[in-house]
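The structure file structure.tsv is reproduced below (TSV, C-alpha atoms).
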```
chain	number	residue	atom	x	y	z
E	1	MET	CA	124.70	-79.63	169.84
E	2	THR	CA	127.93	-78.25	171.19
E	3	VAL	CA	128.85	-75.76	173.86
E	4	SER	CA	128.11	-72.27	172.49
E	5	SER	CA	131.02	-69.89	172.14
E	6	ASP	CA	129.19	-67.46	174.39
E	7	LEU	CA	128.93	-70.01	177.20
E	8	ASP	CA	132.57	-70.97	176.65
E	9	ARG	CA	133.63	-67.33	176.91
E	10	ARG	CA	131.57	-66.77	180.06
E	11	PHE	CA	133.15	-69.77	181.77
E	12	ARG	CA	136.67	-68.64	180.91
E	13	GLU	CA	136.00	-65.09	182.12
E	14	ALA	CA	134.47	-66.32	185.38
E	15	ALA	CA	137.45	-68.61	185.99
E	16	VAL	CA	139.86	-65.67	185.70
E	17	ALA	CA	137.64	-63.31	187.70
E	18	LEU	CA	137.50	-65.85	190.53
E	19	ASP	CA	141.29	-66.17	190.45
E	20	LEU	CA	141.17	-69.90	189.74
E	21	VAL	CA	143.62	-69.85	186.82
E	22	ASP	CA	147.32	-70.54	187.44
E	23	MET	CA	148.27	-69.62	183.89
E	24	GLY	CA	146.10	-68.04	181.21
E	25	PHE	CA	147.04	-68.07	177.54
E	26	ASP	CA	145.81	-66.97	174.15
E	27	VAL	CA	146.98	-66.67	170.57
E	28	VAL	CA	147.73	-63.07	169.65
E	29	ASP	CA	147.75	-61.67	166.11
E	30	THR	CA	150.74	-59.48	165.24
E	31	PRO	CA	152.33	-58.17	162.03
E	32	ILE	CA	154.97	-60.94	162.31
E	33	GLY	CA	152.30	-63.65	162.59
E	34	GLN	CA	150.44	-65.34	165.41
E	35	LEU	CA	152.15	-65.57	168.79
E	36	PHE	CA	151.29	-67.86	171.67
E	37	VAL	CA	151.23	-65.69	174.82
E	38	ALA	CA	150.83	-66.89	178.43
E	39	ALA	CA	150.59	-64.97	181.70
E	40	SER	CA	150.01	-65.81	185.35
E	41	THR	CA	148.88	-63.43	188.06
E	42	ARG	CA	152.61	-62.76	188.62
E	43	GLY	CA	153.13	-61.54	185.10
E	44	LEU	CA	153.96	-62.47	181.53
E	45	ALA	CA	155.42	-65.99	181.49
E	46	ALA	CA	155.82	-67.02	177.86
E	47	ILE	CA	155.76	-65.86	174.26
E	48	SER	CA	156.23	-68.42	171.52
E	49	PHE	CA	156.52	-68.15	167.76
E	50	GLU	CA	154.86	-71.53	167.59
E	51	ALA	CA	151.25	-70.43	167.95
E	52	ASP	CA	149.75	-73.91	168.44
E	53	PRO	CA	148.96	-74.10	172.18
E	54	ASP	CA	148.89	-77.88	172.39
E	55	ASN	CA	152.65	-78.19	172.55
E	56	GLN	CA	153.03	-75.51	175.22
E	57	LEU	CA	150.49	-76.34	177.88
E	58	GLU	CA	152.33	-79.20	179.60
E	59	ARG	CA	155.38	-76.97	179.94
E	60	LEU	CA	153.29	-74.17	181.47
E	61	ALA	CA	151.63	-76.63	183.86
E	62	ARG	CA	155.06	-77.70	185.11
E	63	ILE	CA	155.90	-74.06	185.84
E	64	ALA	CA	152.66	-72.84	187.36
E	65	GLY	CA	150.42	-75.80	188.22
E	66	PRO	CA	147.73	-77.63	186.24
E	67	ALA	CA	145.10	-74.85	186.19
E	68	VAL	CA	146.17	-73.73	182.70
E	69	LEU	CA	143.30	-72.25	180.71
E	70	ARG	CA	142.89	-70.29	177.50
E	71	SER	CA	141.62	-66.91	178.62
E	72	PRO	CA	142.01	-63.82	176.43
E	73	LYS	CA	141.67	-61.55	179.48
E	74	SER	CA	144.83	-62.98	181.07
E	75	VAL	CA	146.98	-61.68	178.25
E	76	ASP	CA	145.18	-58.38	177.59
E	77	ALA	CA	148.04	-56.27	178.97
E	78	ALA	CA	150.65	-58.16	176.93
E	79	ARG	CA	148.47	-57.97	173.80
E	80	ARG	CA	148.11	-54.20	174.21
E	81	GLU	CA	151.83	-53.58	174.69
E	82	LEU	CA	152.79	-55.87	171.81
E	83	ASP	CA	150.30	-54.02	169.57
E	84	GLU	CA	151.90	-50.72	170.57
E	85	TYR	CA	155.42	-52.08	170.04
E	86	PHE	CA	154.67	-53.33	166.54
E	87	ALA	CA	152.88	-50.07	165.72
E	88	GLY	CA	156.04	-48.17	166.67
E	89	ARG	CA	154.35	-46.51	169.64
E	90	ARG	CA	156.21	-48.36	172.42
E	91	ARG	CA	159.94	-48.69	173.07
E	92	VAL	CA	159.88	-50.07	176.61
E	93	PHE	CA	157.63	-52.84	177.92
E	94	ASP	CA	156.06	-52.19	181.31
E	95	LEU	CA	154.85	-55.75	181.87
E	96	ALA	CA	155.59	-57.66	185.06
E	97	LEU	CA	157.36	-60.93	184.25
E	98	ASP	CA	156.93	-64.41	185.70
E	99	LEU	CA	160.40	-65.96	185.67
E	100	ARG	CA	159.58	-68.85	188.01
E	101	ALA	CA	161.54	-72.09	187.79
E	102	LEU	CA	164.53	-70.56	186.02
E	103	PRO	CA	168.09	-71.00	187.35
E	104	GLN	CA	169.70	-68.00	189.04
E	105	PHE	CA	172.27	-67.50	186.27
E	106	THR	CA	169.47	-67.39	183.69
E	107	VAL	CA	167.50	-64.86	185.71
E	108	SER	CA	170.58	-62.63	186.11
E	109	VAL	CA	171.30	-62.74	182.38
E	110	LEU	CA	167.65	-61.98	181.54
E	111	HIS	CA	167.64	-59.00	183.90
E	112	GLU	CA	170.70	-57.61	182.10
E	113	LEU	CA	169.09	-58.41	178.74
E	114	ALA	CA	166.00	-56.41	179.74
E	115	ARG	CA	168.21	-53.32	180.07
E	116	VAL	CA	169.44	-53.38	176.46
E	117	PRO	CA	167.62	-50.38	174.97
E	118	PHE	CA	165.24	-50.35	172.01
E	119	GLY	CA	167.12	-49.88	168.75
E	120	GLU	CA	170.53	-50.91	170.13
E	121	THR	CA	172.43	-54.16	170.07
E	122	THR	CA	174.86	-55.85	172.42
E	123	THR	CA	176.96	-59.02	172.27
E	124	TYR	CA	176.86	-62.34	174.08
E	125	GLY	CA	180.26	-61.53	175.61
E	126	ALA	CA	179.12	-58.12	176.85
E	127	LEU	CA	176.09	-59.66	178.57
E	128	ALA	CA	178.32	-62.31	180.13
E	129	ALA	CA	180.62	-59.59	181.45
E	130	ALA	CA	177.64	-57.63	182.77
E	131	VAL	CA	176.64	-60.52	185.03
E	132	GLY	CA	180.22	-60.96	186.23
E	133	ARG	CA	180.99	-64.06	184.14
E	134	PRO	CA	183.07	-62.63	181.26
E	135	ARG	CA	184.03	-66.08	179.96
E	136	ALA	CA	180.46	-67.36	179.85
E	137	ALA	CA	179.45	-65.96	176.42
E	138	ARG	CA	178.49	-69.45	175.24
E	139	ALA	CA	176.27	-70.02	178.30
E	140	VAL	CA	174.64	-66.64	177.63
E	141	GLY	CA	173.95	-67.88	174.10
E	142	THR	CA	172.13	-70.87	175.55
E	143	VAL	CA	170.05	-68.59	177.78
E	144	MET	CA	169.10	-66.49	174.73
E	145	ASN	CA	168.22	-69.64	172.80
E	146	ARG	CA	165.87	-70.79	175.57
E	147	ASN	CA	164.45	-67.35	176.35
E	148	ARG	CA	160.85	-68.01	177.36
E	149	ILE	CA	159.70	-64.44	176.65
E	150	PRO	CA	161.28	-63.29	173.38
E	151	ILE	CA	160.51	-59.80	172.01
E	152	VAL	CA	159.68	-58.48	175.51
E	153	LEU	CA	163.02	-59.84	176.76
E	154	PRO	CA	164.86	-58.62	173.67
E	155	CYS	CA	167.23	-61.45	172.77
E	156	HIS	CA	166.96	-60.22	169.16
E	157	ARG	CA	169.19	-57.33	170.26
E	158	VAL	CA	172.07	-59.70	171.08
E	159	ILE	CA	174.51	-60.43	168.24
E	160	GLY	CA	177.98	-61.91	167.78
E	161	SER	CA	181.08	-59.86	168.61
E	162	GLY	CA	181.96	-59.75	164.89
E	163	GLY	CA	178.56	-58.26	164.03
E	164	ASP	CA	177.04	-61.52	162.73
E	165	LEU	CA	173.46	-62.23	163.82
E	166	VAL	CA	174.26	-65.79	165.05
E	167	GLY	CA	170.73	-67.20	165.57
E	168	TYR	CA	167.15	-66.70	166.72
E	169	ALA	CA	164.37	-69.00	167.94
E	170	GLY	CA	161.93	-67.48	165.45
E	171	GLY	CA	164.46	-67.66	162.60
E	172	LEU	CA	167.12	-65.15	161.50
E	173	ASP	CA	164.69	-63.37	159.15
E	174	LEU	CA	162.57	-62.50	162.15
E	175	LYS	CA	165.59	-61.24	164.06
E	176	ILE	CA	166.37	-58.94	161.14
E	177	THR	CA	162.71	-57.80	160.95
E	178	LEU	CA	162.67	-56.87	164.64
E	179	LEU	CA	165.99	-55.04	164.43
E	180	GLU	CA	164.77	-53.12	161.38
E	181	LEU	CA	161.51	-52.28	163.13
E	182	GLU	CA	163.62	-50.74	165.89
E	183	GLY	CA	165.87	-48.95	163.41
E	184	ALA	CA	168.92	-50.90	164.58
E	185	ARG	CA	169.86	-51.98	161.05
F	1	MET	CA	153.86	-100.31	191.65
F	2	MET	CA	151.30	-98.24	189.79
F	3	HIS	CA	152.38	-94.96	188.24
F	4	ALA	CA	150.18	-92.03	189.09
F	5	VAL	CA	148.58	-90.62	185.93
F	6	THR	CA	149.79	-87.07	185.43
F	7	ILE	CA	147.13	-84.40	185.76
F	8	PRO	CA	146.65	-82.84	182.31
F	9	PRO	CA	146.54	-79.05	181.89
F	10	PHE	CA	142.97	-77.96	182.70
F	11	GLU	CA	142.47	-76.73	179.15
F	12	HIS	CA	142.86	-80.27	177.81
F	13	PHE	CA	140.56	-81.68	180.50
F	14	TYR	CA	137.92	-79.04	179.72
F	15	GLU	CA	138.13	-79.54	175.94
F	16	GLN	CA	137.81	-83.28	176.38
F	17	HIS	CA	134.76	-83.33	178.65
F	18	ARG	CA	132.76	-80.16	178.10
F	19	ILE	CA	130.45	-81.53	175.41
F	20	GLU	CA	129.51	-84.60	177.44
F	21	VAL	CA	129.01	-82.50	180.58
F	22	HIS	CA	126.78	-80.06	178.73
F	23	ARG	CA	124.74	-82.90	177.21
F	24	LEU	CA	124.22	-84.47	180.62
F	25	LEU	CA	123.12	-81.16	182.14
F	26	ARG	CA	120.72	-80.43	179.29
F	27	ARG	CA	119.11	-83.77	179.84
F	28	ARG	CA	118.82	-83.29	183.57
F	29	LEU	CA	117.83	-79.62	183.70
F	30	GLY	CA	116.58	-78.60	180.28
F	31	THR	CA	118.26	-76.27	177.82
F	32	ASP	CA	117.50	-73.07	179.71
F	33	ARG	CA	119.18	-74.03	182.95
F	34	ALA	CA	121.98	-76.17	181.55
F	35	ASP	CA	124.28	-73.23	180.80
F	36	ASP	CA	124.46	-71.95	184.37
F	37	ALA	CA	124.99	-75.47	185.64
F	38	PHE	CA	127.72	-76.01	183.05
F	39	GLN	CA	129.63	-72.98	184.27
F	40	GLU	CA	129.14	-74.02	187.90
F	41	THR	CA	130.35	-77.57	187.15
F	42	PHE	CA	133.62	-76.48	185.57
F	43	LEU	CA	134.23	-73.77	188.16
F	44	ARG	CA	133.84	-76.40	190.89
F	45	ALA	CA	136.17	-78.71	188.99
F	46	LEU	CA	138.73	-75.94	188.49
F	47	ARG	CA	138.56	-75.03	192.18
F	48	ALA	CA	139.38	-78.63	193.13
F	49	TYR	CA	141.80	-79.23	190.27
F	50	ARG	CA	144.93	-78.02	191.99
F	51	ARG	CA	144.30	-80.41	194.87
F	52	LEU	CA	143.97	-83.53	192.71
F	53	GLU	CA	146.69	-86.05	193.42
F	54	HIS	CA	146.56	-87.84	190.09
F	55	GLY	CA	144.79	-87.70	186.74
F	56	GLU	CA	142.83	-90.96	186.88
F	57	HIS	CA	139.06	-91.18	186.36
F	58	LEU	CA	138.72	-87.50	185.48
F	59	ARG	CA	135.70	-88.24	183.31
F	60	ALA	CA	133.83	-89.98	186.11
F	61	TRP	CA	134.95	-87.24	188.47
F	62	VAL	CA	133.62	-84.34	186.37
F	63	LEU	CA	130.38	-86.16	185.55
F	64	THR	CA	129.85	-86.71	189.27
F	65	ILE	CA	130.34	-83.01	189.88
F	66	ALA	CA	127.86	-82.28	187.08
F	67	GLN	CA	125.32	-84.68	188.65
F	68	ASN	CA	125.69	-82.92	191.98
F	69	VAL	CA	125.31	-79.49	190.42
F	70	ALA	CA	122.19	-80.68	188.60
F	71	LEU	CA	120.84	-82.14	191.82
F	72	ASP	CA	121.39	-78.86	193.64
F	73	ALA	CA	119.60	-77.01	190.87
F	74	LEU	CA	116.67	-79.43	190.91
F	75	ARG	CA	116.37	-79.18	194.70
F	76	ARG	CA	116.22	-75.43	194.50
F	77	SER	CA	113.40	-75.56	191.99
F	78	ARG	CA	111.49	-78.73	192.84
F	79	PRO	CA	108.00	-77.21	192.89
F	80	SER	CA	108.18	-75.81	189.39
F	81	ALA	CA	107.50	-78.54	186.88
F	82	GLU	CA	109.72	-77.55	184.00
F	83	LEU	CA	109.74	-79.78	181.01
F	84	VAL	CA	113.09	-81.54	180.84
F	85	GLU	CA	114.53	-82.13	177.41
F	86	THR	CA	114.64	-85.81	176.58
F	87	GLY	CA	115.05	-88.15	173.69
F	88	ILE	CA	117.90	-86.56	171.78
F	89	GLU	CA	119.64	-89.91	171.62
F	90	ASP	CA	117.81	-93.20	171.69
F	91	SER	CA	120.35	-95.22	173.60
F	92	ARG	CA	121.13	-93.65	176.92
F	93	PRO	CA	124.36	-94.65	178.65
F	94	ALA	CA	123.87	-96.64	181.87
F	95	TYR	CA	124.99	-93.81	184.07
F	96	GLU	CA	122.22	-91.57	182.80
F	97	ASP	CA	119.50	-94.08	183.60
F	98	LEU	CA	121.07	-94.52	187.01
F	99	ALA	CA	121.22	-90.80	187.46
F	100	ASP	CA	117.44	-90.60	187.20
F	101	LEU	CA	116.80	-93.68	189.32
F	102	THR	CA	119.05	-92.50	192.12
F	103	ASP	CA	117.66	-88.98	192.25
F	104	GLY	CA	116.24	-89.43	195.74
F	105	LEU	CA	119.39	-90.79	197.40
F	106	PRO	CA	121.67	-88.76	199.69
F	107	PRO	CA	124.54	-87.31	197.59
F	108	LYS	CA	127.32	-89.65	198.81
F	109	GLU	CA	125.29	-92.81	198.30
F	110	ARG	CA	124.10	-91.56	194.96
F	111	ALA	CA	127.63	-90.83	193.74
F	112	ALA	CA	128.85	-94.23	194.93
F	113	VAL	CA	125.99	-96.11	193.25
F	114	VAL	CA	126.36	-94.20	189.97
F	115	LEU	CA	130.13	-94.66	189.85
F	116	ARG	CA	129.95	-98.35	190.80
F	117	TYR	CA	127.05	-99.49	188.63
F	118	GLY	CA	126.92	-96.72	186.01
F	119	TYR	CA	130.65	-96.40	185.29
F	120	ASP	CA	131.77	-99.79	186.54
F	121	LEU	CA	134.54	-98.30	188.66
F	122	SER	CA	136.17	-100.29	191.46
F	123	TYR	CA	135.74	-99.17	195.06
F	124	ASP	CA	139.38	-98.05	195.07
F	125	GLN	CA	138.67	-95.86	192.07
F	126	ILE	CA	135.45	-94.53	193.56
F	127	ALA	CA	137.24	-93.71	196.79
F	128	SER	CA	139.84	-91.66	194.96
F	129	ALA	CA	137.23	-89.94	192.81
F	130	LEU	CA	135.21	-88.98	195.89
F	131	GLY	CA	138.14	-88.31	198.21
F	132	SER	CA	137.00	-91.09	200.53
F	133	THR	CA	138.14	-94.62	201.49
F	134	PRO	CA	137.33	-97.87	199.62
F	135	ASP	CA	135.44	-99.17	202.66
F	136	ALA	CA	133.36	-96.01	202.94
F	137	ALA	CA	132.65	-96.14	199.18
F	138	ARG	CA	131.51	-99.79	199.43
F	139	GLN	CA	129.35	-98.93	202.43
F	140	ALA	CA	127.76	-95.95	200.68
F	141	ALA	CA	127.01	-97.97	197.53
F	142	SER	CA	125.42	-100.84	199.43
F	143	THR	CA	123.34	-98.56	201.64
F	144	GLY	CA	122.24	-96.72	198.50
F	145	ILE	CA	121.23	-99.96	196.77
F	146	ARG	CA	119.26	-101.11	199.85
F	147	ARG	CA	117.48	-97.80	199.93
F	148	LEU	CA	116.62	-98.08	196.22
F	149	ARG	CA	115.24	-101.62	196.75
F	150	ARG	CA	113.07	-100.41	199.60
F	151	SER	CA	111.70	-97.51	197.60
F	152	ALA	CA	111.08	-99.79	194.61
F	153	SER	CA	109.11	-102.31	196.69
F	154	SER	CA	107.12	-99.76	198.62
```

For this file, produce the structure as structure tokens.
Amino acid sequence: MTVSSDLDRRFREAAVALDLVDMGFDVVDTPIGQLFVAASTRGLAAISFEADPDNQLERLARIAGPAVLRSPKSVDAARRELDEYFAGRRRVFDLALDLRALPQFTVSVLHELARVPFGETTTYGALAAAVGRPRAARAVGTVMNRNRIPIVLPCHRVIGSGGDLVGYAGGLDLKITLLELEGAR
Amino acid sequence: MMHAVTIPPFEHFYEQHRIEVHRLLRRRLGTDRADDAFQETFLRALRAYRRLEHGEHLRAWVLTIAQNVALDALRRSRPSAELVETGIEDSRPAYEDLADLTDGLPPKERAAVVLRYGYDLSYDQIASALGSTPDAARQAASTGIRRLRRSASS
């Protein structure tokens, strides 16, 4: 005999309701495949194209503490907004973000990134200039590469100054798909 | 110098121990009451999890919590003689026999006896599992054993 899925669900819901979870996560189905999504009480903390949670949990524990638990409720808001985005019904995400444990430069760049509108693109150099470090395009590229919350923090909207796509954590095909979804290509 | 064992994400801890915890609670409380006790056990564990200083002996730790939850449940319902599910497996681990034998001991002594003689943990390990000192753990185990001897001979 094993633990019934109903009992398992009740425990996970109670843990969240009692505010005992530092970081809740779940795997979310989307038209581009399954995404690993994690959120704390502060906000959305991670989205990963690698849906297998096992490789992510240690990293989340280092950010938020060891009380990391799969709990669908924790990511309900993110799931809803991602659904709306992929259905073409949402252009701006209203989710609070948990950017704990990131260096100040990274946070500044991500704040600028968040302002790049749906359906438009910018360049690494332009983002660098926007945070007052016009020569730091390469460092901005590294920030994009390590972006913990892709899609919601739209690093897919950042391309090379010559118009080339450069790269994407989920693969260039996915970058193209997202830009097409937004009508930017 | 011993390296502290890193505390695993709770999800891994839960996945690793939930079946054994549920089995123990079913045996102690019966199928009907095991589910509530299961939830209570892991909520207690989760509440204490952030305060753990290392990840050693987590199995003994969560089984001790489960024993205490079961004990609380049994105390609350002593007069009703519910049939407890038994005999799913033929060979019971030592800690489960001890769990029954030590039912009447005060909680601290009971935990110390079960961890020492059921899990074969050292007093250092028991102290860290119970948040106590090695001397206090030794004392609790030996008082518990004396008490068991007395009740066995009376």

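All of the residues in chain F within 7 Å of chain E are Ile7, Pro8, Pro9, Phe10, Glu11, Ile19, His22, Asp35, Gln39, Leu43, Leu46, Arg47, Tyr49 and Arg50 of chain F, where only C-alpha atoms were counted.
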
Exercise. Which of these residues is nearest to E:Ala64, using all atoms listed in the file: E:Thr142, E:Ser48, E:Thr41, E:Asn147?
Worked result: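 Closest candidate: E:Thr41.
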
Exercise. Could you name the residues that touch E:Val131 at 10 Å or less, counting all atoms listed in the file, but leaving out those on the same chain fewer than 6 positions away, as a ChimeraX atom specification?
Worked result: /E:105,108-112,140

Problem set entry | Coordinates-based distance that separates atom CA of F:Phe42 from atom CA of F:Ile65 (Å, one decimal) | 8.5 Å

Would you pick out the contacts of F:Glu20 at 10 Å or less, using only C-alpha atoms, so that residues sharing its chain but fewer than 2 positions from it are not included, and give the list as a PDB file with C-alpha atoms, in the frame of the given file?
```pdb
ATOM      1  CA  THR E   2     127.930 -78.250 171.190  1.00  0.00           C
ATOM      2  CA  VAL E   3     128.850 -75.760 173.860  1.00  0.00           C
TER       3      VAL E   3
ATOM      4  CA  GLN F  16     137.810 -83.280 176.380  1.00  0.00           C
ATOM      5  CA  HIS F  17     134.760 -83.330 178.650  1.00  0.00           C
ATOM      6  CA  ARG F  18     132.760 -80.160 178.100  1.00  0.00           C
ATOM      7  CA  HIS F  22     126.780 -80.060 178.730  1.00  0.00           C
ATOM      8  CA  ARG F  23     124.740 -82.900 177.210  1.00  0.00           C
ATOM      9  CA  LEU F  24     124.220 -84.470 180.620  1.00  0.00           C
ATOM     10  CA  LEU F  25     123.120 -81.160 182.140  1.00  0.00           C
ATOM     11  CA  ARG F  26     120.720 -80.430 179.290  1.00  0.00           C
ATOM     12  CA  ARG F  59     135.700 -88.240 183.310  1.00  0.00           C
ATOM     13  CA  VAL F  62     133.620 -84.340 186.370  1.00  0.00           C
ATOM     14  CA  LEU F  63     130.380 -86.160 185.550  1.00  0.00           C
TER      15      LEU F  63
END
```

First collect every listed atom of stretch 29-47 of chain E; then fit an axis-aligned box around them, widen it by 3 Å on each side, and give centre and edge lengths in Å to one decimal, as AutoDock Vina command-line options.
```
--center_x 151.8 --center_y -63.0 --center_z 175.3 --size_x 14.1 --size_y 15.7 --size_z 32.6
```

For this session: Tell me which protein, DNA and RNA residues are within 9 Å of F:Leu130, counting all atoms listed in the file, leaving out same-chain ones fewer than 2 positions away, and put them as a list in words.
Result: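 Skipping anything fewer than 2 positions along the chain leaves Trp61, Thr64, Lys108, Ala111, Ala112, Gln125, Ile126, Ala127, Ser128, Ser132, Thr133 and Ala137 of chain F.
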
For this session: Show which residues sit within 12 Å of stretch 87-90 of chain E, as a ChimeraX atom specification. Count only C-alpha atoms, and ignore same-chain residues fewer than 6 positions away.
Result: /E:30-32,80-81,117-119,152,178,180-183

Got time to write the residues from that selection, C-alpha atoms, as a CSV table (one decimal), in the frame of the given file?
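Saved result, selection_21.csv, follows:
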```
chain,number,residue,atom,x,y,z
E,30,THR,CA,150.7,-59.5,165.2
E,31,PRO,CA,152.3,-58.2,162.0
E,32,ILE,CA,155.0,-60.9,162.3
E,80,ARG,CA,148.1,-54.2,174.2
E,81,GLU,CA,151.8,-53.6,174.7
E,117,PRO,CA,167.6,-50.4,175.0
E,118,PHE,CA,165.2,-50.4,172.0
E,119,GLY,CA,167.1,-49.9,168.8
E,152,VAL,CA,159.7,-58.5,175.5
E,178,LEU,CA,162.7,-56.9,164.6
E,180,GLU,CA,164.8,-53.1,161.4
E,181,LEU,CA,161.5,-52.3,163.1
E,182,GLU,CA,163.6,-50.7,165.9
E,183,GLY,CA,165.9,-49.0,163.4
```

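Between atom CA of E:Arg79 and atom CA of E:Lys175 the separation is 20.0 Å.
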
For this session: Work out how far atom CA of E:Pro72 is from atom CA of F:Val69, in Å to one decimal.
Result: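 Going from atom CA of F:Val69 over to atom CA of E:Pro72, I get 26.8 Å.
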
For this session: Can you work out which one of E:Ala126, E:Ala136, E:Met144, E:Leu179 has the shortest atom-to-atom distance to E:Ser161, counting all atoms listed in the file?
Result: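 Smallest separation from E:Ser161 among the options: E:Ala126.
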
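Residues within 10 Å of E:Thr123, counting all atoms listed in the file and excluding same-chain residues fewer than 3 positions away, are Ala126, Leu127, Ala128, Ala129, Ala137, Val140, Gly141, Arg157, Val158, Ile159, Gly160, Ser161, Gly162, Gly163, Asp164 and Leu165 of chain E.
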
Exercise. Residues around (147.5, -87.8, 186.7), cut-off 9 Å, counting all atoms listed in the file - what are they as a list in words?
Worked result: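 I get His3, Ala4, Val5, Thr6, Ile7, Pro8, Leu52, Glu53, His54, Gly55, Glu56 and Leu58 of chain F for the residues within 9 Å of that point.
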